[in-house]
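Pasting upload09.cif here (mmCIF, C-alpha atoms):
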```cif
data_model
#
loop_
_atom_site.label_atom_id
_atom_site.label_comp_id
_atom_site.auth_asym_id
_atom_site.auth_seq_id
_atom_site.Cartn_x
_atom_site.Cartn_y
_atom_site.Cartn_z
CA HIS A 9 30.66 -28.06 163.48
CA LYS A 10 32.26 -25.94 160.81
CA GLY A 11 29.50 -24.08 159.06
CA GLY A 12 27.24 -24.78 162.08
CA PHE A 13 27.80 -23.83 165.75
CA HIS A 14 31.15 -23.32 167.44
CA HIS A 15 31.03 -23.63 171.23
CA ARG A 16 33.77 -24.89 173.50
CA SER A 17 33.41 -27.44 176.27
CA SER A 18 34.88 -30.66 177.46
CA GLU A 19 31.38 -32.10 177.89
CA ARG A 20 29.80 -33.98 175.01
CA ILE A 21 26.04 -33.92 174.76
CA PHE A 22 25.82 -36.84 172.34
CA PRO A 23 27.01 -40.39 172.89
CA GLU A 24 30.46 -40.78 171.53
CA ASN A 25 29.40 -43.58 169.22
CA ALA A 26 26.67 -41.37 167.68
CA LEU A 27 29.17 -39.17 165.89
CA PRO A 28 30.78 -40.15 162.58
CA ARG A 29 34.38 -41.27 162.81
CA ASN A 30 37.29 -41.62 160.48
CA GLU A 31 40.66 -43.23 161.07
CA THR A 32 41.89 -40.23 163.05
CA GLY A 33 38.80 -39.61 165.16
CA PHE A 34 35.54 -37.68 164.71
CA VAL A 35 34.77 -36.37 161.25
CA GLY A 36 35.01 -32.60 161.17
CA ASP A 37 35.71 -30.22 164.04
CA TRP A 38 33.02 -30.89 166.65
CA ILE A 39 33.22 -28.53 169.63
CA PHE A 40 30.44 -28.25 172.23
CA GLU A 41 29.40 -25.99 175.08
CA ASN A 42 27.66 -26.95 178.31
CA ARG A 43 24.52 -24.95 177.56
CA TYR A 44 23.71 -27.18 174.58
CA THR A 45 22.12 -29.98 176.54
CA ILE A 46 19.52 -32.57 175.65
CA PRO A 47 16.05 -31.17 176.56
CA ASP A 48 13.86 -32.99 179.04
CA LYS A 49 10.63 -34.73 178.02
CA LYS A 50 8.52 -31.59 178.34
CA GLY A 51 10.99 -29.56 176.31
CA THR A 52 11.02 -32.24 173.63
CA THR A 53 7.24 -31.99 173.26
CA ILE A 54 7.39 -28.20 172.90
CA MET A 55 10.14 -28.45 170.30
CA LYS A 56 8.10 -30.98 168.33
CA LYS A 57 5.12 -28.61 168.28
CA ILE A 58 7.26 -25.71 167.11
CA SER A 59 8.80 -27.91 164.44
CA LEU A 60 5.33 -28.95 163.21
CA ILE A 61 4.15 -25.33 163.01
CA LEU A 62 7.24 -24.29 161.07
CA THR A 63 6.81 -27.23 158.69
CA LEU A 64 3.16 -26.33 157.99
CA ALA A 65 4.09 -22.68 157.39
CA LEU A 66 6.78 -23.74 154.93
CA LEU A 67 4.39 -26.05 153.04
CA LEU A 68 1.79 -23.25 152.78
CA THR A 69 4.39 -20.86 151.41
CA LEU A 70 5.49 -23.38 148.80
CA ALA A 71 1.89 -24.07 147.78
CA LEU A 72 0.88 -20.44 147.17
CA PRO A 73 2.18 -20.26 143.55
CA PHE A 74 0.05 -23.29 142.67
CA LEU A 75 -3.24 -21.99 144.03
CA PRO A 76 -5.82 -20.77 141.47
CA ALA A 77 -5.24 -17.19 140.39
CA GLY A 78 -8.59 -16.08 141.77
CA ALA A 79 -7.67 -17.38 145.21
CA GLN A 80 -4.93 -14.76 145.50
CA GLU A 81 -6.84 -11.82 144.04
CA PRO A 82 -7.58 -8.93 146.38
CA ASP A 83 -11.18 -7.90 146.90
CA TYR A 84 -12.24 -5.69 143.99
CA ALA A 85 -15.51 -3.90 143.44
CA ALA A 86 -18.16 -6.14 141.92
CA ASP A 87 -18.06 -4.31 138.56
CA THR A 88 -14.26 -4.09 138.25
CA VAL A 89 -12.90 -5.94 135.19
CA ALA A 90 -9.35 -4.57 134.91
CA VAL A 91 -6.71 -2.87 137.03
CA ILE A 92 -3.62 -0.75 136.42
CA GLY A 93 -1.61 -1.07 139.60
CA GLU A 94 -4.17 -0.43 142.34
CA LYS A 95 -6.50 1.62 140.13
CA GLU A 96 -9.69 -0.26 139.20
CA TYR A 97 -11.66 0.03 135.93
CA THR A 98 -15.13 -1.17 135.07
CA SER A 99 -14.33 -1.28 131.35
CA LEU A 100 -11.36 -2.64 129.45
CA GLN A 101 -11.69 0.31 127.09
CA ASP A 102 -11.33 2.75 130.00
CA ALA A 103 -8.19 0.91 131.09
CA PHE A 104 -6.81 1.04 127.53
CA ASP A 105 -7.40 4.78 127.41
CA ALA A 106 -5.74 5.35 130.78
CA VAL A 107 -2.68 3.08 130.65
CA GLY A 108 0.66 4.88 130.51
CA SER A 109 3.99 3.95 128.98
CA GLY A 110 5.50 0.88 130.63
CA GLU A 111 2.35 0.07 132.62
CA THR A 112 0.27 -3.11 132.66
CA VAL A 113 -3.46 -3.55 132.24
CA ARG A 114 -4.46 -6.72 134.08
CA LEU A 115 -7.82 -8.41 133.75
CA VAL A 116 -9.35 -9.59 137.01
CA LYS A 117 -12.45 -11.26 135.61
CA ASP A 118 -13.91 -12.58 132.34
CA ILE A 119 -15.66 -10.15 130.00
CA LYS A 120 -18.75 -11.97 128.76
CA ASP A 121 -21.05 -11.41 125.80
CA ASN A 122 -19.39 -8.14 124.84
CA LYS A 123 -20.77 -6.52 121.69
CA LYS A 124 -18.32 -3.61 121.45
CA THR A 125 -14.81 -3.69 120.03
CA PHE A 126 -12.01 -2.74 122.42
CA THR A 127 -9.31 -0.57 120.78
CA TYR A 128 -5.85 0.22 122.08
CA SER A 129 -4.05 3.06 120.28
CA GLY A 130 -0.38 3.94 120.44
CA THR A 131 -1.20 7.58 121.08
CA THR A 132 -3.19 9.23 123.81
CA LEU A 133 -4.52 12.76 124.13
CA VAL A 134 -2.82 15.08 126.61
CA LYS A 135 -4.48 18.50 126.77
CA GLY A 136 -6.01 17.77 123.40
CA GLU A 137 -2.68 16.86 121.75
CA PRO A 138 -1.78 13.33 120.61
CA VAL A 139 1.17 11.91 122.57
CA PRO A 140 2.79 8.58 121.65
CA ARG A 141 2.89 5.83 124.28
CA ALA A 142 5.80 3.45 124.74
CA LYS A 143 5.31 -0.29 125.14
CA VAL A 144 2.55 -1.45 127.48
CA THR A 145 1.29 -4.87 128.54
CA LEU A 146 -2.13 -6.47 128.53
CA ASP A 147 -2.08 -9.34 131.01
CA GLY A 148 -5.14 -11.49 130.48
CA ASN A 149 -4.32 -13.21 133.76
CA GLY A 150 -5.99 -16.37 132.43
CA HIS A 151 -9.29 -14.58 131.73
CA THR A 152 -11.48 -14.47 128.62
CA VAL A 153 -12.92 -11.72 126.45
CA SER A 154 -16.05 -13.03 124.70
CA TYR A 155 -17.24 -11.04 121.67
CA SER A 156 -20.72 -11.46 120.21
CA GLY A 157 -21.10 -8.27 118.19
CA GLY A 158 -20.99 -7.45 114.48
CA THR A 159 -22.40 -9.19 111.45
CA SER A 160 -19.36 -10.22 109.37
CA ASP A 161 -15.68 -11.11 109.46
CA THR A 162 -14.82 -7.37 109.33
CA ASN A 163 -15.92 -7.07 112.97
CA PHE A 164 -13.20 -7.71 115.57
CA ALA A 165 -13.10 -8.26 119.32
CA LEU A 166 -9.81 -6.33 119.72
CA ILE A 167 -8.06 -3.70 117.58
CA PHE A 168 -4.52 -2.40 118.05
CA ASP A 169 -3.67 0.68 115.99
CA ALA A 170 -1.80 4.01 115.69
CA ASN A 171 1.73 2.66 116.25
CA ALA A 172 0.77 0.83 119.43
CA ILE A 173 3.47 -1.34 120.99
CA ILE A 174 1.92 -3.92 123.29
CA GLU A 175 2.62 -7.33 124.76
CA VAL A 176 -0.51 -9.44 125.17
CA LYS A 177 -0.12 -12.48 127.40
CA ASN A 178 -2.28 -15.19 128.96
CA LEU A 179 -5.44 -13.89 127.28
CA THR A 180 -8.27 -15.85 125.66
CA VAL A 181 -10.50 -14.24 123.03
CA LEU A 182 -13.66 -16.08 121.97
CA SER A 183 -15.39 -14.32 119.08
CA ILE A 184 -18.33 -15.27 116.89
CA ARG A 185 -16.77 -13.03 114.21
CA SER A 186 -13.08 -12.09 113.94
CA ALA A 187 -10.65 -11.95 116.85
CA VAL A 188 -7.86 -9.35 116.43
CA LYS A 189 -6.90 -6.61 113.97
CA VAL A 190 -3.45 -4.99 113.96
CA THR A 191 -3.27 -1.86 111.85
CA ASP A 192 -1.57 1.49 111.19
CA GLY A 193 1.91 0.49 112.31
CA ALA A 194 0.97 -1.27 115.55
CA GLN A 195 3.31 -3.93 116.95
CA VAL A 196 1.73 -6.72 118.98
CA PHE A 197 3.54 -9.53 120.79
CA PHE A 198 1.28 -12.45 121.73
CA LYS A 199 2.54 -14.77 124.46
CA ASP A 200 0.56 -17.89 125.40
CA CYS A 201 -2.76 -16.51 124.17
CA ASN A 202 -5.82 -18.26 122.75
CA LEU A 203 -7.49 -16.39 119.89
CA CYS A 204 -10.60 -18.10 118.54
CA ALA A 205 -12.75 -16.71 115.72
CA ALA A 206 -16.04 -17.83 114.11
CA ASN A 207 -17.33 -19.45 117.30
CA THR A 208 -14.47 -21.95 117.46
CA ASN A 209 -12.96 -22.94 120.79
CA TYR A 210 -9.40 -24.00 121.40
CA LYS A 211 -10.58 -26.53 124.00
CA SER A 212 -12.19 -28.64 121.26
CA SER A 213 -10.54 -30.28 118.27
CA VAL A 214 -13.98 -30.60 116.65
CA HIS A 215 -15.95 -27.76 115.07
CA ASP A 216 -19.53 -28.35 113.93
CA LEU A 217 -19.73 -26.51 110.61
CA GLU A 218 -23.43 -27.07 110.15
CA ALA A 219 -24.32 -25.70 113.59
CA ASN A 220 -21.98 -22.74 113.04
CA LYS A 221 -22.64 -22.09 109.35
CA ASP A 222 -23.59 -18.46 110.04
CA PHE A 223 -20.30 -17.67 111.74
CA LYS A 224 -17.07 -16.85 109.93
CA GLY A 225 -14.07 -14.87 111.06
CA LEU A 226 -10.35 -14.18 110.86
CA ILE A 227 -8.02 -15.02 113.68
CA ILE A 228 -5.72 -12.05 112.98
CA ARG A 229 -5.62 -9.41 110.25
CA ILE A 230 -2.53 -7.22 109.78
CA GLU A 231 -2.99 -4.22 107.48
CA ASN A 232 -2.51 -0.62 106.34
CA ASP A 233 1.18 -0.08 107.12
CA PHE A 234 4.33 -2.04 106.33
CA ARG A 235 5.43 -1.38 109.93
CA SER A 236 2.46 -3.32 111.33
CA TYR A 237 3.90 -6.35 113.06
CA VAL A 238 2.75 -9.43 114.98
CA GLU A 239 4.88 -11.93 116.86
CA ILE A 240 3.39 -15.12 118.28
CA ASP A 241 4.96 -17.39 120.87
CA GLY A 242 2.76 -20.15 122.25
CA GLY A 243 -0.99 -20.53 122.54
CA ASN A 244 -3.84 -21.60 120.26
CA TYR A 245 -5.26 -19.80 117.22
CA TYR A 246 -8.50 -21.12 115.69
CA GLY A 247 -10.82 -19.88 112.95
CA ALA A 248 -13.36 -20.99 110.35
CA GLN A 249 -14.85 -20.07 106.98
CA SER A 250 -12.53 -17.12 106.39
CA THR A 251 -8.79 -16.60 105.99
CA GLY A 252 -7.10 -17.64 109.24
CA VAL A 253 -4.25 -15.12 109.51
CA ASP A 254 -4.40 -12.42 106.84
CA VAL A 255 -1.25 -10.30 106.40
CA ARG A 256 -2.09 -7.59 103.87
CA TRP A 257 0.55 -5.10 104.96
CA GLY A 258 3.37 -5.61 107.45
CA SER A 259 4.80 -8.84 108.78
CA ILE A 260 4.29 -11.76 111.12
CA VAL A 261 6.76 -13.98 112.98
CA VAL A 262 5.52 -17.25 114.47
CA ARG A 263 7.84 -18.81 117.02
CA SER A 264 5.44 -21.43 118.32
CA GLY A 265 1.73 -22.09 118.74
CA ASN A 266 -1.11 -24.24 117.43
CA PHE A 267 -3.06 -22.93 114.42
CA ARG A 268 -6.19 -24.59 113.08
CA VAL A 269 -8.92 -23.63 110.62
CA TRP A 270 -12.07 -25.29 109.26
CA ASN A 271 -13.63 -24.86 105.83
CA THR A 272 -11.13 -22.16 105.00
CA GLU A 273 -9.37 -21.26 101.79
CA VAL A 274 -6.04 -20.35 103.41
CA LEU A 275 -4.72 -20.60 106.97
CA LEU A 276 -1.88 -18.06 106.54
CA GLN A 277 -2.09 -15.65 103.63
CA VAL A 278 0.60 -13.03 103.05
CA GLY A 279 -0.11 -10.25 100.56
CA ASP A 280 -3.28 -9.79 98.54
CA ASN A 281 -4.61 -9.12 95.04
CA SER A 282 -3.89 -5.41 95.28
CA SER A 283 -0.17 -5.95 95.82
CA GLU A 284 2.17 -4.80 93.10
CA GLU A 285 4.63 -7.21 91.54
CA GLY A 286 8.37 -6.73 91.80
CA ALA A 287 11.13 -7.31 94.34
CA ASP A 288 11.05 -3.64 95.32
CA LYS A 289 7.29 -3.78 95.95
CA VAL A 290 7.32 -6.21 98.87
CA ARG A 291 5.01 -4.92 101.58
CA ALA A 292 4.07 -8.12 103.42
CA SER A 293 6.14 -11.01 104.78
CA GLY A 294 5.92 -13.98 107.11
CA THR A 295 8.50 -16.01 109.01
CA ILE A 296 7.65 -19.40 110.50
CA LEU A 297 10.15 -20.61 113.11
CA GLY A 298 7.92 -23.34 114.55
CA GLY A 299 4.40 -24.29 115.48
CA THR A 300 1.67 -26.62 114.24
CA PHE A 301 -0.56 -25.57 111.33
CA GLU A 302 -3.61 -27.61 110.44
CA ALA A 303 -6.41 -27.10 107.93
CA SER A 304 -9.49 -29.27 108.44
CA ASP A 305 -11.50 -28.57 105.32
CA TYR A 306 -14.52 -30.79 104.97
CA THR A 307 -16.33 -28.83 102.24
CA ALA A 308 -14.00 -26.16 100.89
CA LYS A 309 -12.42 -26.33 97.48
CA PHE A 310 -9.11 -25.08 98.75
CA GLY A 311 -7.51 -25.64 102.14
CA LYS A 312 -4.00 -24.30 101.68
CA LEU A 313 -1.91 -23.78 104.78
CA ILE A 314 0.30 -21.00 103.38
CA ARG A 315 -0.16 -18.75 100.35
CA ALA A 316 2.05 -15.87 99.23
CA TYR A 317 0.54 -13.30 96.88
CA LYS A 318 2.21 -10.81 94.55
CA SER A 319 5.71 -9.94 95.75
CA ALA A 320 4.97 -11.24 99.24
CA THR A 321 7.41 -13.63 100.87
CA VAL A 322 7.05 -16.41 103.44
CA THR A 323 10.06 -18.19 104.91
CA VAL A 324 9.54 -21.51 106.69
CA TRP A 325 12.31 -22.71 108.99
CA ASP A 326 10.44 -25.32 111.00
CA GLY A 327 6.97 -26.50 111.99
CA GLU A 328 4.36 -29.17 111.43
CA PHE A 329 1.99 -28.58 108.49
CA ILE A 330 -1.06 -30.84 108.24
CA GLN A 331 -3.77 -30.69 105.60
CA ARG A 332 -6.99 -32.64 106.29
CA SER A 333 -9.19 -32.08 103.30
CA GLU A 334 -12.24 -34.10 102.29
CA GLY A 335 -13.91 -31.57 100.02
CA SER A 336 -14.65 -32.11 96.35
CA GLY A 337 -11.79 -29.81 95.43
CA SER A 338 -9.28 -31.19 97.87
CA GLY A 339 -6.53 -31.29 95.26
CA SER A 340 -5.06 -28.06 96.58
CA ALA A 341 -1.43 -27.83 97.61
CA VAL A 342 -0.34 -27.42 101.21
CA ILE A 343 1.86 -24.44 100.31
CA THR A 344 1.57 -22.27 97.24
CA GLY A 345 2.95 -19.09 95.76
CA ALA A 346 -0.54 -17.99 94.69
CA THR A 347 -1.71 -18.41 91.10
CA SER A 348 0.26 -18.42 87.87
CA SER A 349 -0.56 -14.72 87.42
CA SER A 350 0.14 -13.61 91.00
CA PHE A 351 3.68 -14.54 91.87
CA GLY A 352 4.62 -14.82 95.52
CA TYR A 353 7.60 -16.50 97.11
CA VAL A 354 7.73 -19.25 99.74
CA TYR A 355 11.15 -20.37 100.92
CA VAL A 356 11.14 -23.71 102.74
CA HIS A 357 14.23 -24.53 104.80
CA GLY A 358 12.67 -27.09 107.13
CA GLY A 359 9.50 -28.48 108.63
CA ASN A 360 7.27 -31.51 108.11
CA PHE A 361 4.37 -31.51 105.65
CA TYR A 362 1.46 -33.94 105.60
CA GLN A 363 -1.66 -34.51 103.53
CA LEU A 364 -4.19 -36.59 105.42
CA SER A 365 -6.99 -36.97 102.92
CA SER A 366 -8.88 -39.68 101.08
CA LYS A 367 -8.23 -37.60 97.95
CA PRO A 368 -4.68 -36.36 98.38
CA ALA A 369 -3.46 -33.44 96.32
CA ALA A 370 -1.11 -33.99 93.44
CA LYS A 371 1.62 -32.06 95.22
CA LEU A 372 2.56 -30.72 98.63
CA ILE A 373 4.28 -27.61 97.27
CA GLY A 374 2.18 -25.68 94.76
CA ASN A 375 3.06 -23.70 91.66
CA ASN A 376 5.53 -20.86 91.35
CA ASP A 377 6.94 -20.74 94.84
CA LEU A 378 10.23 -22.56 94.52
CA THR A 379 10.89 -23.66 90.96
CA GLY A 380 8.62 -21.46 88.88
CA LYS A 381 7.13 -24.53 87.23
CA SER A 382 3.37 -24.83 87.10
CA ASN A 383 3.42 -28.62 87.51
CA LEU A 384 5.45 -30.51 90.07
CA PRO A 385 5.56 -34.28 90.42
CA ALA A 386 3.30 -35.95 92.94
CA ALA A 387 4.65 -35.88 96.49
#
```

Show the structure stored in the file as structure tokens.
Amino acid sequence: HKGGFHHRSSERIFPENALPRNETGFVGDWIFENRYTIPDKKGTTIMKKISLILTLALLLTLALPFLPAGAQEPDYAADTVAVIGEKEYTSLQDAFDAVGSGETVRLVKDIKDNKKTFTYSGTTLVKGEPVPRAKVTLDGNGHTVSYSGGTSDTNFALIFDANAIIEVKNLTVLSIRSAVKVTDGAQVFFKDCNLCAANTNYKSSVHDLEANKDFKGLIIRIENDFRSYVEIDGGNYYGAQSTGVDVRWGSIVVRSGNFRVWNTEVLLQVGDNSSEEGADKVRASGTILGGTFEASDYTAKFGKLIRAYKSATVTVWDGEFIQRSEGSGSGSAVITGATSSSFGYVYVHGGNFYQLSSKPAAKLIGNNDLTGKSNLPAA
């Protein structure tokens, strides 16, 4: 048949009535050769066995991408936690120090109960001289870094600094303090990560504040250089009893992801009290393109989802913003441009905003951010 086999013969190996016909004869151009004959009974059995083997091989090939990651891992040394290519490392810090431009550090097992901060810097020493590194990748490979060190929210599980450029994907960080700090001009791109501070866990929508009263932490802090940058696309970002995402210097872009905080004054804060006022003094900004942002504040007086401080700007294009506040001071706005003496700017172009509280706030949008008026009508 055209597109199949072309062999010439006057002998047909199929019954004439088994072939499709049209008004002019057989459909297509069927031409046969004598050597294509119907196999005997024994040959049929062999062909069936071969067909079964080929079918099983095909099914196994198709199933490989869906097997658990660990099932496809090569055999590594018992103490190996990360690899760069075929090179094995017993410490994530050693892998960070060794990775070269364009390379990938891949975790091959969970790092449990770690009390030291892992730091990736954008420069490395070559013969004693600092040499900048181009973009690298940290592939969590579905594994978890658990951090149990430090005593306050100034202690972080991971730090990216010194103009680092790094993509972090498929990584979970569980910290009893803070999760990630981005500083000194570093640029970090998070893809489908789970960053959990203050002993929260993205697998649970409930956080026991009484049982975890001694734990507080930031999800992400961005500081020290206006070039410091974070981009988030997918994943879960949880924190409690401290600012969720704190952008003091630099900028953040959120494309998608789930953000949630408990007993926290602000989920996303851009700028701080030390910022100078004036359009030419902007050193921190945020852009929200999507995602879900939720504050579950059972005791806090505040519970804002977004706050812009002096000269800082936040632009909201889309997203879901949910305030669940049951505290005595739950009259806080969902979004605010800071206080009447600390002007910041929030530009809202889209999104959905909800207050789910037995004592709803007087307004969804707070003072100063859009109209400059200190009192807006009830939402």

Can you translate the PyMOL selection byres ((chain A and resi 228-231) around 7) into the concrete residues it hits in this file, as an NGL selection string?
:A and (187-192 or 226-227 or 232-233 or 236 or 252-258)

So that I can check the surroundings of range 129-135 of chain A, please list as number ranges by chain every protein, DNA and RNA residue that reaches within 9 Å of it, counting all atoms listed in the file and ignoring chain neighbours fewer than 6 positions away.
A: 104-106, 108, 141-143, 167-174, 194

Looking at A:Ala85, A:Val153, A:Leu166, A:Leu100, which one is nearest to Thr180 in chain A, with distances taken over all atoms listed in the file?
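For Thr180 in chain A, the nearest of the candidates is A:Val153.
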
Glu302 in chain A environment, 10 Å, all atoms listed in the file, sequence neighbours closer than 2 positions dropped, as a VMD selection string:
chain A and resid 246 266 to 270 275 300 304 to 305 311 to 313 328 to 332 342 362 to 363

Show me the residues close to (10.3, -26.9, 109.0) - anything with an atom within 8 Å, counting all atoms listed in the file - and format the list as a list in words.
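The residues near that point, listed by chain and number, are Leu297, Gly298, Val324, Trp325, Asp326, Gly327, Glu328, Val356, His357, Gly358, Gly359 and Asn360 of chain A.
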
Using C-alpha atoms, can you export the residues from the last selection as a PDB file, in the coordinates of the input?
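Writing done, so here's selection.pdb:
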```pdb
ATOM      1  CA  LEU A 297      10.150 -20.610 113.110  1.00  0.00           C
ATOM      2  CA  GLY A 298       7.920 -23.340 114.550  1.00  0.00           C
ATOM      3  CA  VAL A 324       9.540 -21.510 106.690  1.00  0.00           C
ATOM      4  CA  TRP A 325      12.310 -22.710 108.990  1.00  0.00           C
ATOM      5  CA  ASP A 326      10.440 -25.320 111.000  1.00  0.00           C
ATOM      6  CA  GLY A 327       6.970 -26.500 111.990  1.00  0.00           C
ATOM      7  CA  GLU A 328       4.360 -29.170 111.430  1.00  0.00           C
ATOM      8  CA  VAL A 356      11.140 -23.710 102.740  1.00  0.00           C
ATOM      9  CA  HIS A 357      14.230 -24.530 104.800  1.00  0.00           C
ATOM     10  CA  GLY A 358      12.670 -27.090 107.130  1.00  0.00           C
ATOM     11  CA  GLY A 359       9.500 -28.480 108.630  1.00  0.00           C
ATOM     12  CA  ASN A 360       7.270 -31.510 108.110  1.00  0.00           C
TER      13      ASN A 360
END
```

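Put simply, CA of Ala165 in chain A is 13.4 Å away from CA of Gly247 in chain A.
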
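Between CA of Ala292 in chain A and CA of Val196 in chain A lies a distance of 15.8 Å.
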
Thr323 in chain A environment, 7 Å, all atoms listed in the file, sequence neighbours closer than 5 positions dropped, as a PyMOL selection string:
chain A and resi 294-296+354-356

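CA of Arg114 in chain A sits 17.4 Å away from CA of Leu203 in chain A.
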
Spell out the residues picked by the PyMOL selection byres ((chain A and resi 148) around 10) here, as JSON, numbers by chain.
{"A": [90, 113, 114, 115, 116, 117, 118, 145, 146, 147, 149, 150, 151, 152, 153, 176, 177, 178, 179, 180, 181, 200, 201]}

For Ala205 in chain A, which residue out of A:Gly243, A:Glu137, A:Arg235, A:Ser250 is the nearest one, using only C-alpha atoms?
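Selected residue with least distance to Ala205 in chain A: A:Ser250.
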